[in-house]
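Structure data follow from work_21.cif (mmCIF, C-alpha atoms):
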data_data
#
loop_
_atom_site.label_atom_id
_atom_site.label_comp_id
_atom_site.auth_asym_id
_atom_site.auth_seq_id
_atom_site.Cartn_x
_atom_site.Cartn_y
_atom_site.Cartn_z
CA MET A 181 -99.32 192.47 -20.43
CA ALA A 182 -98.35 188.99 -21.46
CA PRO A 183 -100.01 187.50 -24.55
CA ARG A 184 -101.41 184.62 -22.54
CA GLN A 185 -103.11 187.07 -20.18
CA ARG A 186 -104.55 189.08 -23.10
CA ALA A 187 -106.01 185.94 -24.64
CA ALA A 188 -107.56 185.00 -21.37
CA SER A 189 -109.14 188.45 -21.01
CA ARG A 190 -110.72 188.23 -24.48
CA ARG A 191 -112.61 185.04 -23.70
CA PRO A 192 -116.37 185.66 -23.53
CA ARG A 193 -117.75 185.54 -20.08
CA ARG A 194 -120.45 183.08 -19.40
CA ARG A 195 -123.68 184.69 -18.50
CA THR A 196 -125.41 183.25 -15.54
CA TYR A 197 -129.18 183.44 -15.52
CA ARG A 198 -130.99 183.46 -12.29
CA THR A 199 -134.42 181.86 -12.38
CA ARG A 200 -136.93 183.65 -10.29
CA ALA A 201 -138.89 181.38 -8.05
CA ARG A 202 -142.56 181.56 -8.83
CA PRO A 203 -144.69 182.47 -5.86
CA VAL A 204 -146.57 179.48 -4.55
CA ARG A 205 -150.23 180.23 -4.06
CA ALA A 206 -151.78 178.91 -0.97
CA PRO A 207 -154.71 176.55 -1.56
CA ILE A 208 -158.09 178.23 -1.54
CA GLY A 209 -160.11 177.37 1.51
CA ALA A 210 -163.77 176.42 1.51
CA GLY A 211 -164.80 179.85 2.79
CA GLU A 212 -162.89 181.69 0.06
CA ARG A 213 -164.32 179.34 -2.56
CA ARG A 214 -167.87 180.06 -1.40
CA GLU A 215 -167.10 183.77 -1.40
CA LEU A 216 -165.80 183.55 -4.97
CA VAL A 217 -168.85 181.63 -6.17
CA ARG A 218 -171.14 184.08 -4.41
CA ASN A 219 -169.49 187.07 -6.07
CA ARG A 220 -169.69 185.42 -9.48
CA LEU A 221 -173.40 184.75 -8.98
CA ILE A 222 -174.06 188.32 -7.84
CA GLU A 223 -172.25 189.70 -10.90
CA SER A 224 -174.21 187.43 -13.24
CA ARG A 225 -177.66 188.11 -14.69
CA LEU A 226 -179.26 185.42 -12.56
CA THR A 227 -182.27 186.72 -10.64
CA PRO A 228 -184.20 185.23 -7.70
CA ASN A 229 -187.32 185.08 -9.87
CA ALA A 230 -185.48 182.90 -12.39
CA ILE A 231 -184.53 180.50 -9.60
CA SER A 232 -188.12 180.45 -8.33
CA LEU A 233 -189.54 179.74 -11.79
CA THR A 234 -186.95 177.02 -12.36
CA GLY A 235 -187.98 175.39 -9.11
CA LEU A 236 -191.64 175.62 -10.14
CA ALA A 237 -190.89 174.03 -13.52
CA LEU A 238 -189.03 171.17 -11.84
CA ASN A 239 -191.87 170.62 -9.37
CA LEU A 240 -194.37 170.52 -12.24
CA LEU A 241 -192.11 168.02 -13.99
CA ALA A 242 -192.01 165.99 -10.77
CA ALA A 243 -195.80 166.06 -10.61
CA ALA A 244 -196.06 164.76 -14.17
CA LEU A 245 -193.53 162.01 -13.50
CA VAL A 246 -195.33 160.94 -10.32
CA TRP A 247 -198.62 160.89 -12.23
CA GLU A 248 -197.05 158.54 -14.75
CA GLY A 249 -195.74 156.31 -11.96
CA LEU A 250 -192.06 157.22 -12.45
CA MET A 251 -191.44 157.69 -8.75
CA PHE A 252 -187.64 157.76 -8.73
CA LEU A 253 -187.35 160.36 -11.49
CA GLY A 254 -190.16 162.33 -9.91
CA GLY A 255 -188.35 162.24 -6.59
CA VAL A 256 -185.11 163.49 -8.14
CA ALA A 257 -186.92 166.33 -9.92
CA PHE A 258 -188.76 167.19 -6.71
CA ILE A 259 -185.53 167.27 -4.69
CA VAL A 260 -183.77 169.58 -7.16
CA GLY A 261 -186.84 171.79 -7.50
CA SER A 262 -187.18 172.06 -3.73
CA ILE A 263 -183.51 173.00 -3.43
CA MET A 264 -184.10 175.77 -5.95
CA ASP A 265 -187.11 176.95 -3.93
CA THR A 266 -184.91 177.04 -0.84
CA LEU A 267 -182.08 178.93 -2.54
CA ASP A 268 -184.12 181.71 -4.15
CA GLY A 269 -184.85 183.54 -0.91
CA ARG A 270 -181.27 183.20 0.33
CA TYR A 271 -179.90 184.38 -3.01
CA SER A 272 -182.33 187.32 -2.95
CA ARG A 273 -181.00 188.49 0.41
CA MET A 274 -177.40 187.80 -0.55
CA SER A 275 -177.40 189.59 -3.90
CA GLY A 276 -179.78 192.43 -3.14
CA LYS A 277 -181.73 191.64 -6.32
CA GLY A 278 -184.94 190.76 -4.52
CA THR A 279 -188.19 192.59 -5.23
CA PRO A 280 -191.56 192.64 -3.42
CA PHE A 281 -193.09 190.69 -6.30
CA GLY A 282 -190.30 188.14 -6.06
CA ALA A 283 -191.09 187.56 -2.39
CA PHE A 284 -194.78 187.21 -3.27
CA LEU A 285 -193.97 184.78 -6.07
CA ASP A 286 -191.76 182.70 -3.82
CA SER A 287 -194.46 182.37 -1.15
CA THR A 288 -197.28 181.42 -3.54
CA LEU A 289 -195.71 178.69 -5.66
CA ASP A 290 -197.53 175.40 -5.29
CA ARG A 291 -196.08 172.07 -4.16
CA VAL A 292 -196.16 168.60 -5.59
CA GLU A 293 -198.36 166.82 -3.02
CA GLU A 294 -201.43 167.16 -5.26
CA ALA A 295 -199.79 164.91 -7.83
CA VAL A 296 -199.15 162.29 -5.15
CA ALA A 297 -202.82 162.49 -4.19
CA GLY A 298 -203.76 161.97 -7.81
CA TYR A 299 -201.48 158.93 -7.97
CA PHE A 300 -203.09 157.29 -4.94
CA ALA A 301 -206.59 158.15 -6.13
CA LEU A 302 -205.77 156.65 -9.51
CA HIS A 303 -204.78 153.38 -7.83
CA GLY A 304 -207.87 153.29 -5.65
CA ASP A 305 -206.10 153.83 -2.31
CA ARG A 306 -208.66 156.06 -0.62
CA ALA A 307 -206.94 156.11 2.77
CA ALA A 308 -203.63 157.27 1.32
CA ALA A 309 -205.40 159.80 -0.93
CA ALA A 310 -207.21 161.20 2.11
CA ALA A 311 -203.90 161.40 3.98
CA VAL A 312 -202.40 163.39 1.12
CA VAL A 313 -205.34 165.81 1.17
CA VAL A 314 -204.79 166.28 4.92
CA ALA A 315 -201.06 166.79 4.31
CA VAL A 316 -201.74 169.38 1.60
CA LEU A 317 -204.23 171.35 3.72
CA ALA A 318 -202.01 171.16 6.79
CA SER A 319 -198.96 172.26 4.78
CA LEU A 320 -200.90 175.26 3.51
CA MET A 321 -201.99 176.01 7.08
CA VAL A 322 -198.35 175.83 8.24
CA SER A 323 -197.45 178.56 5.76
CA TYR A 324 -200.63 180.52 6.48
CA THR A 325 -200.13 180.57 10.25
CA ARG A 326 -196.62 181.90 9.81
CA ALA A 327 -197.79 184.61 7.42
CA ARG A 328 -200.61 185.71 9.73
CA ALA A 329 -198.35 185.64 12.76
CA GLU A 330 -195.73 187.79 11.07
CA ALA A 331 -198.48 190.20 10.00
CA LEU A 332 -199.28 190.56 13.72
CA GLY A 333 -195.62 191.12 14.55
CA VAL A 334 -194.93 187.63 15.91
CA GLU A 335 -192.08 185.56 14.51
CA CYS A 336 -193.42 182.08 13.89
CA LYS A 337 -190.88 179.56 12.65
CA VAL A 338 -191.59 176.94 15.29
CA GLY A 339 -192.93 173.46 14.69
CA ILE A 340 -191.62 170.01 14.01
CA ALA A 341 -192.54 169.84 10.32
CA THR A 342 -191.00 172.93 8.76
CA ARG A 343 -190.67 173.10 4.99
CA PRO A 344 -187.23 171.40 4.84
CA VAL A 345 -188.52 168.55 7.00
CA ARG A 346 -191.58 168.08 4.79
CA VAL A 347 -189.41 168.11 1.68
CA VAL A 348 -187.11 165.46 3.14
CA ILE A 349 -190.02 163.21 4.14
CA LEU A 350 -191.72 163.39 0.77
CA SER A 351 -188.42 162.99 -1.10
CA ILE A 352 -187.63 159.79 0.81
CA GLY A 353 -191.10 158.48 0.04
CA LEU A 354 -190.76 159.19 -3.68
CA VAL A 355 -187.21 157.92 -4.15
CA PHE A 356 -187.87 154.74 -2.16
CA ALA A 357 -191.37 154.14 -3.48
CA LYS A 358 -192.40 150.68 -4.57
CA GLY A 359 -191.03 149.99 -8.04
CA ALA A 360 -188.79 153.05 -8.02
CA SER A 361 -185.75 151.01 -9.20
CA LEU A 362 -184.12 151.24 -5.75
CA GLY A 363 -185.62 148.11 -4.35
CA ASP A 364 -189.04 147.00 -3.24
CA PHE A 365 -189.27 149.34 -0.23
CA GLY A 366 -192.70 150.92 -0.64
CA LEU A 367 -192.05 153.96 1.58
CA LEU A 368 -194.32 156.40 -0.26
CA ARG A 369 -197.48 155.49 1.63
CA PRO A 370 -195.83 155.65 5.11
CA ALA A 371 -194.19 158.95 4.14
CA VAL A 372 -197.58 160.41 3.28
CA TYR A 373 -199.04 159.33 6.62
CA VAL A 374 -196.08 160.76 8.53
CA LEU A 375 -196.24 163.99 6.51
CA ALA A 376 -199.93 164.44 7.25
CA ALA A 377 -199.55 163.77 10.98
CA LEU A 378 -196.52 166.00 11.47
CA SER A 379 -198.07 168.83 9.47
CA VAL A 380 -201.18 168.80 11.66
CA VAL A 381 -199.00 168.82 14.79
CA THR A 382 -197.01 171.76 13.40
CA VAL A 383 -200.17 173.78 12.82
CA ALA A 384 -201.18 173.20 16.43
CA GLN A 385 -197.70 174.15 17.64
CA ARG A 386 -197.77 177.42 15.74
CA ILE A 387 -201.25 178.33 16.94
CA TRP A 388 -200.17 177.74 20.53
CA HIS A 389 -196.97 179.72 19.97
CA VAL A 390 -198.85 182.74 18.59
CA ARG A 391 -201.42 182.59 21.40
CA ARG A 392 -198.71 182.68 24.06
CA ALA A 393 -196.81 185.43 22.24
CA LEU A 394 -199.88 187.67 21.93
CA ALA A 395 -200.81 187.02 25.58
CA GLY A 396 -197.39 188.23 26.65
CA ALA A 397 -196.23 184.89 27.98
CA PRO A 398 -192.60 183.84 27.39
CA VAL A 399 -192.28 181.63 24.30
#
Turn the structure described in the file into structure tokens.
Amino acid sequence: MAPRQRAASRRPRRRTYRTRARPVRAPIGAGERRELVRNRLIESRLTPNAISLTGLALNLLAAALVWEGLMFLGGVAFIVGSIMDTLDGRYSRMSGKGTPFGAFLDSTLDRVEEAVAGYFALHGDRAAAAAVVVAVLASLMVSYTRARAEALGVECKVGIATRPVRVVILSIGLVFAKGASLGDFGLLRPAVYVLAALSVVTVAQRIWHVRRALAGAPV
């Protein structure tokens, strides 16, 4: 072999490195994200009772803020507390951590309308205070009629003023109350009147629904 060929054969070969292409992950969809969050919550130590008690604490805070005339902050606390009250039952069914006492606790927690009644009574508005009393009693009757109907084997979720609707009405009234830093709207008093009227109508709707169901008529 010629010397020139030997020298060429002794030259170090260049090593070629192949870079492996990293797999591109597809973006997580909204459904997968909700599934991931749900699994993380189920694996955590969070219980439905803790959510219920947190909602109660926020509603009590809202009541105190409304009593002091801080309508906007009271409305925000009431909205968050009501969301917690709405989520506890759903989380209980989703996670399987619910207990009979938890269901009892969820159904017996009070609302914040009494604080609004105290606010109106404090300012001498007897008509609005009376409307709040009607709204409170009618709201309790809305829950009571459903409980009694379900005890008789009748599903009773009908009515125009269900709990989410009542929460929305009262939240709008609190957030857009007069002097609530969002303008001079003054929607708290009209919200109370609407809440009282719709709650009374809902009680009548549920009574009629249960009567027709027990009589065997199509509902």
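Selection by the PyMOL selection byres ((chain A and resi 338) around 10) on the present file picks out Val322, Arg326, Glu335, Cys336, Lys337, Gly339, Ile340, Ala341, Thr342, Thr382, Val383, Gln385, Arg386, Ile387, His389 and Val390 of chain A.
Atom CA of Ala318 of chain A is positioned 5.3 Å from atom CA of Ser379 of chain A.
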field: Selected residue, from A:Val316, A:Leu302, A:Leu394, A:Ala376, that lies nearest to Val334 of chain A when counting all atoms listed in the file
entry: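 When distances to Val334 of chain A are compared using all atoms listed in the file, the smallest one comes from A:Leu394.
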- request: Check the smallest atom-to-atom distance from each of A:Arg225, A:Arg343, A:Gly363, A:Ala244 to Leu378 of chain A using only C-alpha atoms, then report the winner.
  value: A:Arg343
- prompt: What residues come out when you apply the PyMOL selection byres ((chain A and resi 366) around 12) to this file, written as a list in words?
  reply: Met251, Phe252, Ile352, Gly353, Leu354, Val355, Phe356, Ala357, Lys358, Gly359, Ala360, Ser361, Leu362, Gly363, Asp364, Phe365, Leu367, Leu368, Arg369, Pro370, Ala371 and Val372 of chain A
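Across the model, the gap from atom CA of Val313 of chain A to atom CA of Phe258 of chain A is 18.4 Å.
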Just the residues within 9 Å of Ala257 of chain A, please, counting all atoms listed in the file, with nothing from its chain fewer than 3 positions along; format it as a PDB file with C-alpha atoms, keeping the file's coordinate frame.
ATOM      1  CA  LEU A 238    -189.030 171.170 -11.840  1.00  0.00           C
ATOM      2  CA  ASN A 239    -191.870 170.620  -9.370  1.00  0.00           C
ATOM      3  CA  LEU A 240    -194.370 170.520 -12.240  1.00  0.00           C
ATOM      4  CA  LEU A 241    -192.110 168.020 -13.990  1.00  0.00           C
ATOM      5  CA  ALA A 242    -192.010 165.990 -10.770  1.00  0.00           C
ATOM      6  CA  ALA A 243    -195.800 166.060 -10.610  1.00  0.00           C
ATOM      7  CA  LEU A 245    -193.530 162.010 -13.500  1.00  0.00           C
ATOM      8  CA  PHE A 252    -187.640 157.760  -8.730  1.00  0.00           C
ATOM      9  CA  LEU A 253    -187.350 160.360 -11.490  1.00  0.00           C
ATOM     10  CA  GLY A 254    -190.160 162.330  -9.910  1.00  0.00           C
ATOM     11  CA  VAL A 260    -183.770 169.580  -7.160  1.00  0.00           C
ATOM     12  CA  GLY A 261    -186.840 171.790  -7.500  1.00  0.00           C
ATOM     13  CA  SER A 262    -187.180 172.060  -3.730  1.00  0.00           C
TER      14      SER A 262
END
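Atom CA of Ala307 of chain A is positioned 18.4 Å from atom CA of Ile349 of chain A.
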